[in-house]
$ cat coords.cif   # mmCIF, C-alpha atoms and all ligand atoms
data_data
loop_
_atom_site.label_atom_id
_atom_site.label_comp_id
_atom_site.auth_asym_id
_atom_site.auth_seq_id
_atom_site.Cartn_x
_atom_site.Cartn_y
_atom_site.Cartn_z
CA MET O 69 -17.87 8.14 118.55
CA GLY O 70 -19.50 6.27 115.74
CA ASP O 71 -17.75 3.72 113.65
CA LEU O 72 -18.24 4.72 110.03
CA ASN O 73 -15.91 2.13 108.56
CA GLY O 74 -17.31 0.88 105.25
CA LYS O 75 -19.61 3.91 104.90
CA ILE O 76 -19.52 6.36 102.00
CA ALA O 77 -20.27 10.02 102.75
CA LEU O 78 -20.87 12.97 100.45
CA VAL O 79 -20.41 16.43 101.99
CA THR O 80 -21.37 19.31 99.71
CA GLY O 81 -19.27 22.45 100.01
CA SER O 82 -16.48 20.73 101.90
CA SER O 83 -13.59 22.61 100.29
CA ARG O 84 -13.80 25.19 103.07
CA GLY O 85 -15.43 26.21 106.35
CA ILE O 86 -17.98 24.03 108.12
CA GLY O 87 -18.09 21.49 105.28
CA ARG O 88 -14.34 20.94 105.55
CA GLY O 89 -14.73 20.33 109.28
CA ILE O 90 -17.54 17.83 108.66
CA ALA O 91 -15.60 15.99 105.93
CA ARG O 92 -12.53 15.67 108.15
CA ARG O 93 -14.57 14.46 111.12
CA LEU O 94 -16.52 11.83 109.13
CA ALA O 95 -13.26 10.59 107.59
CA ARG O 96 -11.72 10.37 111.06
CA ASP O 97 -14.66 8.17 112.05
CA GLY O 98 -13.82 5.85 109.14
CA ALA O 99 -16.02 6.99 106.24
CA LEU O 100 -14.79 7.29 102.68
CA VAL O 101 -15.61 10.95 102.00
CA ALA O 102 -16.54 12.69 98.74
CA VAL O 103 -15.21 16.25 99.11
CA HIS O 104 -17.49 18.40 96.97
CA TYR O 105 -16.68 21.92 95.84
CA ARG O 106 -17.75 24.46 93.22
CA SER O 107 -14.57 26.11 91.89
CA ASN O 108 -11.96 26.26 94.64
CA GLU O 109 -10.01 23.14 93.69
CA THR O 110 -6.99 24.21 95.70
CA ALA O 111 -9.03 24.34 98.90
CA ALA O 112 -10.78 21.05 98.09
CA LYS O 113 -7.40 19.38 97.59
CA GLU O 114 -6.31 20.77 100.98
CA THR O 115 -9.36 19.17 102.63
CA ALA O 116 -8.72 15.82 100.92
CA GLY O 117 -4.99 16.09 101.68
CA SER O 118 -5.60 16.72 105.38
CA ILE O 119 -7.90 13.67 105.48
CA GLN O 120 -5.28 11.50 103.81
CA ASP O 121 -2.57 12.85 106.15
CA GLU O 122 -4.67 11.55 109.05
CA GLY O 123 -4.96 8.12 107.43
CA GLY O 124 -8.46 8.66 106.01
CA ARG O 125 -9.88 8.24 102.53
CA ALA O 126 -11.33 10.97 100.31
CA PHE O 127 -11.92 11.88 96.69
CA LEU O 128 -12.94 15.12 94.97
CA VAL O 129 -16.30 15.93 93.38
CA ALA O 130 -16.63 19.19 91.43
CA ALA O 131 -20.04 20.60 90.49
CA GLU O 132 -21.67 24.00 90.56
CA LEU O 133 -24.99 23.94 92.41
CA GLY O 134 -27.91 26.23 91.64
CA VAL O 135 -27.72 25.76 87.88
CA PRO O 136 -29.82 23.46 85.64
CA GLY O 137 -28.63 19.86 85.77
CA ASP O 138 -26.61 20.41 88.95
CA ALA O 139 -27.66 17.22 90.76
CA GLU O 140 -27.01 15.08 87.67
CA ALA O 141 -23.58 16.67 87.19
CA LEU O 142 -22.64 16.21 90.84
CA PHE O 143 -23.61 12.55 90.91
CA ALA O 144 -21.89 11.86 87.59
CA SER O 145 -18.70 13.18 89.19
CA PHE O 146 -19.44 11.26 92.41
CA ASP O 147 -20.01 7.95 90.59
CA ALA O 148 -16.87 8.47 88.49
CA GLY O 149 -14.88 9.29 91.62
CA LEU O 150 -15.97 6.08 93.36
CA ALA O 151 -15.23 4.00 90.26
CA GLY O 152 -11.87 5.75 89.92
CA ILE O 153 -10.70 4.47 93.29
CA GLY O 154 -12.24 1.03 92.76
CA ALA O 155 -14.97 1.49 95.40
CA GLU O 156 -18.38 -0.18 95.10
CA PRO O 157 -21.20 2.22 94.08
CA GLY O 158 -23.37 3.43 96.95
CA LEU O 159 -24.00 6.18 99.46
CA ASP O 160 -24.61 6.06 103.21
CA ILE O 161 -24.36 9.66 104.41
CA LEU O 162 -25.42 12.78 102.52
CA VAL O 163 -24.64 16.14 104.12
CA ASN O 164 -26.21 19.12 102.35
CA ASN O 165 -23.88 21.86 103.53
CA ALA O 166 -23.05 24.09 100.52
CA ALA O 167 -24.88 27.41 100.54
CA ILE O 168 -24.54 31.11 99.89
CA SER O 169 -25.73 34.07 101.95
CA LEU O 170 -26.38 37.29 100.04
CA PRO O 171 -27.11 40.44 102.07
CA GLY O 172 -30.38 42.30 101.57
CA HIS O 173 -33.51 43.49 103.36
CA ILE O 174 -36.93 42.91 101.80
CA GLY O 175 -36.75 46.14 99.77
CA GLU O 176 -33.31 45.39 98.36
CA VAL O 177 -33.33 41.76 97.20
CA THR O 178 -33.67 41.39 93.43
CA PRO O 179 -35.62 38.53 91.86
CA GLU O 180 -32.31 37.21 90.47
CA GLU O 181 -30.68 37.20 93.92
CA PHE O 182 -33.73 35.48 95.41
CA ASP O 183 -33.75 32.81 92.69
CA ARG O 184 -30.01 32.17 93.03
CA THR O 185 -30.21 31.87 96.82
CA VAL O 186 -33.14 29.46 96.73
CA ALA O 187 -31.61 27.47 93.85
CA ILE O 188 -28.36 26.83 95.75
CA ASN O 189 -29.67 26.58 99.32
CA ALA O 190 -32.99 24.74 98.89
CA LYS O 191 -33.58 23.44 95.37
CA ALA O 192 -30.14 21.85 95.03
CA PRO O 193 -30.42 19.91 98.33
CA PHE O 194 -33.91 18.74 97.29
CA PHE O 195 -32.69 17.22 94.03
CA LEU O 196 -29.41 15.98 95.51
CA ILE O 197 -31.53 14.02 97.98
CA GLN O 198 -33.74 12.75 95.15
CA HIS O 199 -30.69 11.44 93.27
CA GLY O 200 -28.86 10.42 96.44
CA LEU O 201 -31.73 8.23 97.63
CA ARG O 202 -31.37 6.08 94.52
CA ARG O 203 -27.87 5.22 95.66
CA MET O 204 -28.37 5.29 99.42
CA ARG O 205 -28.35 2.02 101.31
CA ASP O 206 -31.01 1.29 103.94
CA GLY O 207 -30.08 2.78 107.29
CA GLY O 208 -28.56 5.82 105.58
CA ARG O 209 -28.26 9.31 107.00
CA ILE O 210 -29.20 12.69 105.56
CA VAL O 211 -28.10 15.84 107.38
CA ASN O 212 -29.12 19.28 106.14
CA VAL O 213 -27.14 22.30 107.34
CA SER O 214 -29.62 25.09 108.05
CA SER O 215 -29.10 28.13 110.26
CA ALA O 216 -30.21 29.98 113.37
CA VAL O 217 -32.00 32.37 111.02
CA THR O 218 -35.01 30.04 110.79
CA THR O 219 -35.90 30.59 114.45
CA THR O 220 -34.36 34.05 115.07
CA ALA O 221 -35.17 36.91 112.71
CA PHE O 222 -32.25 38.27 110.64
CA PRO O 223 -34.00 40.78 108.35
CA SER O 224 -30.71 41.77 106.67
CA THR O 225 -30.43 38.35 104.97
CA ILE O 226 -34.11 37.67 104.39
CA ALA O 227 -33.78 35.60 101.20
CA TYR O 228 -31.20 33.38 102.92
CA GLY O 229 -33.64 32.90 105.82
CA VAL O 230 -36.44 31.93 103.45
CA SER O 231 -34.19 29.37 101.71
CA LYS O 232 -33.15 27.81 105.03
CA GLY O 233 -36.78 27.70 106.18
CA ALA O 234 -37.53 25.57 103.13
CA LEU O 235 -34.67 23.27 104.10
CA ASP O 236 -36.09 22.81 107.62
CA THR O 237 -39.45 21.85 106.12
CA LEU O 238 -37.74 19.47 103.71
CA THR O 239 -36.06 17.70 106.65
CA ARG O 240 -39.26 17.16 108.58
CA THR O 241 -41.38 16.09 105.62
CA LEU O 242 -38.79 13.80 104.06
CA ALA O 243 -38.11 12.06 107.38
CA ALA O 244 -41.69 10.76 107.33
CA ASP O 245 -41.18 9.36 103.83
CA VAL O 246 -37.90 7.46 104.20
CA GLY O 247 -38.26 6.07 107.72
CA GLU O 248 -39.39 2.71 106.40
CA ARG O 249 -35.90 2.30 104.94
CA GLY O 250 -34.29 3.10 108.28
CA ILE O 251 -32.97 6.36 106.84
CA THR O 252 -32.88 9.34 109.20
CA VAL O 253 -33.11 12.97 108.10
CA ASN O 254 -32.10 15.78 110.43
CA THR O 255 -31.12 19.42 110.36
CA VAL O 256 -28.30 21.11 112.21
CA ALA O 257 -28.75 24.84 112.72
CA PRO O 258 -25.49 26.65 113.50
CA GLY O 259 -25.17 30.15 114.88
CA PHE O 260 -22.19 32.31 113.91
CA ILE O 261 -19.26 30.09 112.96
CA GLU O 262 -15.87 31.52 112.03
CA THR O 263 -15.72 30.92 108.25
CA ASP O 264 -15.34 32.88 105.01
CA MET O 265 -19.12 33.31 104.87
CA ASN O 266 -19.17 35.95 107.60
CA ALA O 267 -15.60 37.30 107.35
CA ALA O 268 -16.85 40.75 106.29
CA MET O 269 -19.27 40.91 109.24
CA ARG O 270 -16.45 40.54 111.80
CA ALA O 271 -13.74 42.59 110.10
CA THR O 272 -13.09 44.82 113.13
CA PRO O 273 -12.34 43.65 116.71
CA GLU O 274 -15.54 45.38 117.86
CA ALA O 275 -17.67 43.57 115.28
CA HIS O 276 -16.02 40.27 116.14
CA ALA O 277 -16.70 40.82 119.86
CA ALA O 278 -20.34 41.70 119.17
CA LEU O 279 -20.87 38.46 117.25
CA ALA O 280 -19.07 36.45 119.94
CA ALA O 281 -21.33 37.96 122.62
CA ILE O 282 -24.40 36.40 120.99
CA SER O 283 -23.35 33.00 122.39
CA VAL O 284 -23.45 32.35 126.14
CA PHE O 285 -19.87 31.10 125.71
CA ASN O 286 -18.83 34.52 124.40
CA ARG O 287 -17.05 33.23 121.30
CA LEU O 288 -17.81 32.44 117.70
CA GLY O 289 -18.38 28.82 116.85
CA ARG O 290 -15.75 26.74 115.08
CA PRO O 291 -16.37 24.28 112.24
CA ALA O 292 -15.57 21.41 114.62
CA ASP O 293 -18.42 22.51 116.92
CA VAL O 294 -20.84 21.70 114.10
CA ALA O 295 -18.93 18.74 112.69
CA ASP O 296 -19.09 16.84 115.99
CA VAL O 297 -22.89 17.10 116.01
CA VAL O 298 -23.12 16.02 112.37
CA ALA O 299 -20.88 13.05 113.20
CA PHE O 300 -23.36 11.95 115.86
CA LEU O 301 -26.30 12.32 113.46
CA ALA O 302 -24.33 10.31 110.86
CA SER O 303 -23.62 7.52 113.33
CA ALA O 304 -25.63 4.43 114.27
CA GLU O 305 -26.13 5.90 117.76
CA SER O 306 -28.57 8.52 116.41
CA ARG O 307 -30.93 5.86 114.98
CA TRP O 308 -33.97 7.02 117.02
CA ILE O 309 -33.69 10.70 116.03
CA THR O 310 -35.27 11.84 112.78
CA GLY O 311 -37.09 14.86 111.37
CA GLN O 312 -35.42 17.10 113.98
CA ARG O 313 -33.69 20.45 113.92
CA ILE O 314 -30.71 20.53 116.30
CA ASP O 315 -29.66 23.99 117.49
CA VAL O 316 -25.86 24.32 117.31
CA THR O 317 -25.51 27.97 118.28
CA GLY O 318 -23.62 27.84 121.57
CA GLY O 319 -26.74 29.00 123.35
CA SER O 320 -27.26 32.08 121.21
CA ARG O 321 -30.06 34.40 122.28
CA LEU O 322 -31.45 32.02 124.87
P1 LIG A 401 -18.28 28.96 103.25
O1 LIG A 401 -17.09 29.02 104.14
O2 LIG A 401 -18.69 30.17 102.50
O3 LIG A 401 -18.09 27.72 102.23
C1 LIG A 401 -19.08 27.49 101.29
C2 LIG A 401 -18.86 26.15 100.65
O4 LIG A 401 -19.95 25.91 99.73
C3 LIG A 401 -17.60 26.08 99.80
O5 LIG A 401 -17.12 24.75 99.84
C4 LIG A 401 -18.09 26.43 98.40
O6 LIG A 401 -17.28 25.85 97.35
C5 LIG A 401 -19.47 25.78 98.41
N1 LIG A 401 -20.40 26.46 97.51
C6 LIG A 401 -20.87 27.72 97.61
N2 LIG A 401 -21.68 28.00 96.58
C7 LIG A 401 -21.71 26.89 95.80
C8 LIG A 401 -22.35 26.57 94.57
N3 LIG A 401 -23.11 27.45 93.91
N4 LIG A 401 -22.16 25.33 94.06
C9 LIG A 401 -21.38 24.44 94.71
N5 LIG A 401 -20.75 24.69 95.87
C10 LIG A 401 -20.91 25.91 96.40
O7 LIG A 401 -19.59 28.52 104.09
P2 LIG A 401 -19.74 28.05 105.61
O8 LIG A 401 -19.74 29.25 106.47
O9 LIG A 401 -18.79 26.95 105.90
O10 LIG A 401 -21.24 27.51 105.61
C11 LIG A 401 -21.54 26.13 105.45
C12 LIG A 401 -23.00 25.93 105.77
O11 LIG A 401 -23.29 26.36 107.10
C13 LIG A 401 -23.97 26.70 104.86
O12 LIG A 401 -25.12 25.91 104.63
C14 LIG A 401 -24.35 27.90 105.70
O13 LIG A 401 -25.59 28.43 105.33
C15 LIG A 401 -24.38 27.27 107.08
N6 LIG A 401 -24.23 28.23 108.17
C16 LIG A 401 -23.08 28.94 108.29
C17 LIG A 401 -22.97 29.82 109.36
C18 LIG A 401 -21.73 30.63 109.60
O14 LIG A 401 -21.73 31.48 110.50
N7 LIG A 401 -20.65 30.41 108.86
C19 LIG A 401 -24.05 30.00 110.26
C20 LIG A 401 -25.21 29.25 110.08
C21 LIG A 401 -25.28 28.37 109.03
P3 LIG A 401 -15.96 26.65 96.77
O15 LIG A 401 -14.92 26.59 97.85
O16 LIG A 401 -15.56 25.89 95.55
O17 LIG A 401 -16.40 28.06 96.50
#
$ encode --input "coords.cif" --output "structure tokens"
Amino acid sequence: MGDLNGKIALVTGSSRGIGRGIARRLARDGALVAVHYRSNETAAKETAGSIQDEGGRAFLVAAELGVPGDAEALFASFDAGLAGIGAEPGLDILVNNAAISLPGHIGEVTPEEFDRTVAINAKAPFFLIQHGLRRMRDGGRIVNVSSAVTTTAFPSTIAYGVSKGALDTLTRTLAADVGERGITVNTVAPGFIETDMNAAMRATPEAHAALAAISVFNRLGRPADVADVVAFLASAESRWITGQRIDVTGGSRL
């Protein structure tokens, strides 16, 4: 696949789960990868370590998202990280992957839970893009990680669905604004992927089997299933695709 040698990528929430898979894949394709995390430094170091073990390059970026000043703090850490390894400033690939999913039907979600969900899942990507675009070179790539919940109703995580709907709209609208710089903006929308995020939902063999049965392949997705699609969208080969939402659900609920 794509040759990302000389490219700099930032993957939010890449200490664990899907983000880790994306960071490892982009590094394998040659990118220098900023491994961002909130608090789990041990996991972030594992991601960076596995990249280095495979001959890739990575550095850590710590910043809590969803709090005032989050984008400034993240990019201060990002810029310092690049300078620390003697790399030129710049950004080529921004993957907005970090998110939270709090349970709750319409009657249960508190205003605080709603605000927190939207702040991490939609507002943070918006301002990370705003700051990221100041650093991004022409021909750059922005990939937002959304979810199947924006096209299939999941009433039990309604605030999460609303936040991801905003992200889908951000992708489409922004793509029209940055095309003149050759920058593409796309969304990937995974179905159920085996990560910490849904560990409680598949705690029993029966629950696991029920989630697996949603895909025509009768299994849960793996981080690599998403990472391979992100790698394509990050590559030069995807140059004629922008403003799109790519379903990465293993044919869920066709
Ligand atoms: P995960 O395993 O729960 O990992 C979440 C990642 O985001 C971690 O790296 C975490 O950092 C970071 N993070 C969480 N809250 C943060 C905050 N407030 N500030 C900064 N970083 C924060 O999640 P995942 O399952 O890999 O999901 C990744 C993306 O895929 C999300 O956008 C999610 O909505 C989407 N998605 C997931 C599924 C699924 O089935 N798993 C399905 C559809 C879409 P720490 O390690 O430091 O906590």
$ residues_around --input "coords.cif" --residues "Gly208 of chain O" --least-positions-apart "4" --cutoff "10 Å" --atoms "all atoms listed in the file" --output "list in words"
Lys75, Ile76, Ala77, Leu159, Asp160, Ile161, Leu162, Leu201, Arg203, Met204, Val246, Gly247, Arg249, Gly250, Ile251, Thr252, Val253, Ala302, Ser303, Ala304 and Arg307 of chain O
$ residues_near_ligand --input "coords.cif" --ligand "ligand LIG 401 (chain A)" --cutoff "6 Å" --atoms "only C-alpha atoms and all ligand atoms" --output "PyMOL selection string"
chain O and resi 81-87+105-108+131-134+165-168+188+213-215+258-266
$ residues_near_point --input "coords.cif" --point "(-31.4, 22.6, 119.2)" --cutoff "12 Å" --atoms "all atoms listed in the file" --output "VMD selection string"
chain O and resid 214 to 216 218 to 219 254 to 259 294 297 312 to 320 322
$ atom_distance --input "coords.cif" --atom1 "atom CA of Thr237 of chain O" --atom2 "atom CA of Ser283 of chain O"
25.5 Å
$ closest_residue --input "coords.cif" --among "O:Ile309, O:Val79, O:Ala95, O:Ala190" --to "Lys232 of chain O" --atoms "only C-alpha atoms"
O:Ala190
$ atom_distance --input "coords.cif" --atom1 "atom CA of Ala268 of chain O" --atom2 "atom CA of Ser169 of chain O"
11.9 Å
$ atom_distance --input "coords.cif" --atom1 "atom CA of Phe194 of chain O" --atom2 "atom CA of Ala91 of chain O"
20.4 Å
$ axis_aligned_box --input "coords.cif" --around "segment 150-161 of chain O" --padding-each-side "8 Å" --output "AutoDock Vina command-line options"
--center_x -17.7 --center_y 4.7 --center_z 97.2 --size_x 29.9 --size_y 25.8 --size_z 30.5
$ closest_residue --input "coords.cif" --among "O:Pro193, O:Pro273, O:Pro157, O:Gly89" --to "Pro291 of chain O" --atoms "only C-alpha atoms"
O:Gly89
$ residues_around --input "coords.cif" --residues "Ala244 of chain O" --least-positions-apart "4" --cutoff "9 Å" --atoms "only C-alpha atoms" --output "list in words"
Thr239, Arg240, Glu248, Val253, Thr310 and Gly311 of chain O
$ closest_residue --input "coords.cif" --among "O:Ala281, O:Ala221, O:Ala116, O:Ala187" --to "Leu235 of chain O" --atoms "only C-alpha atoms"
O:Ala187
$ closest_residue --input "coords.cif" --among "O:Val186, O:Ala126, O:Ala227, O:Ala192" --to "His173 of chain O" --atoms "all atoms listed in the file"
O:Ala227
$ closest_residue --input "coords.cif" --among "O:Leu301, O:Arg321, O:Ile197, O:Glu109" --to "Ala280 of chain O" --atoms "all atoms listed in the file"
O:Arg321
$ closest_residue --input "coords.cif" --among "O:Arg209, O:Lys191, O:His199, O:Arg88" --to "Leu238 of chain O" --atoms "all atoms listed in the file"
O:Lys191
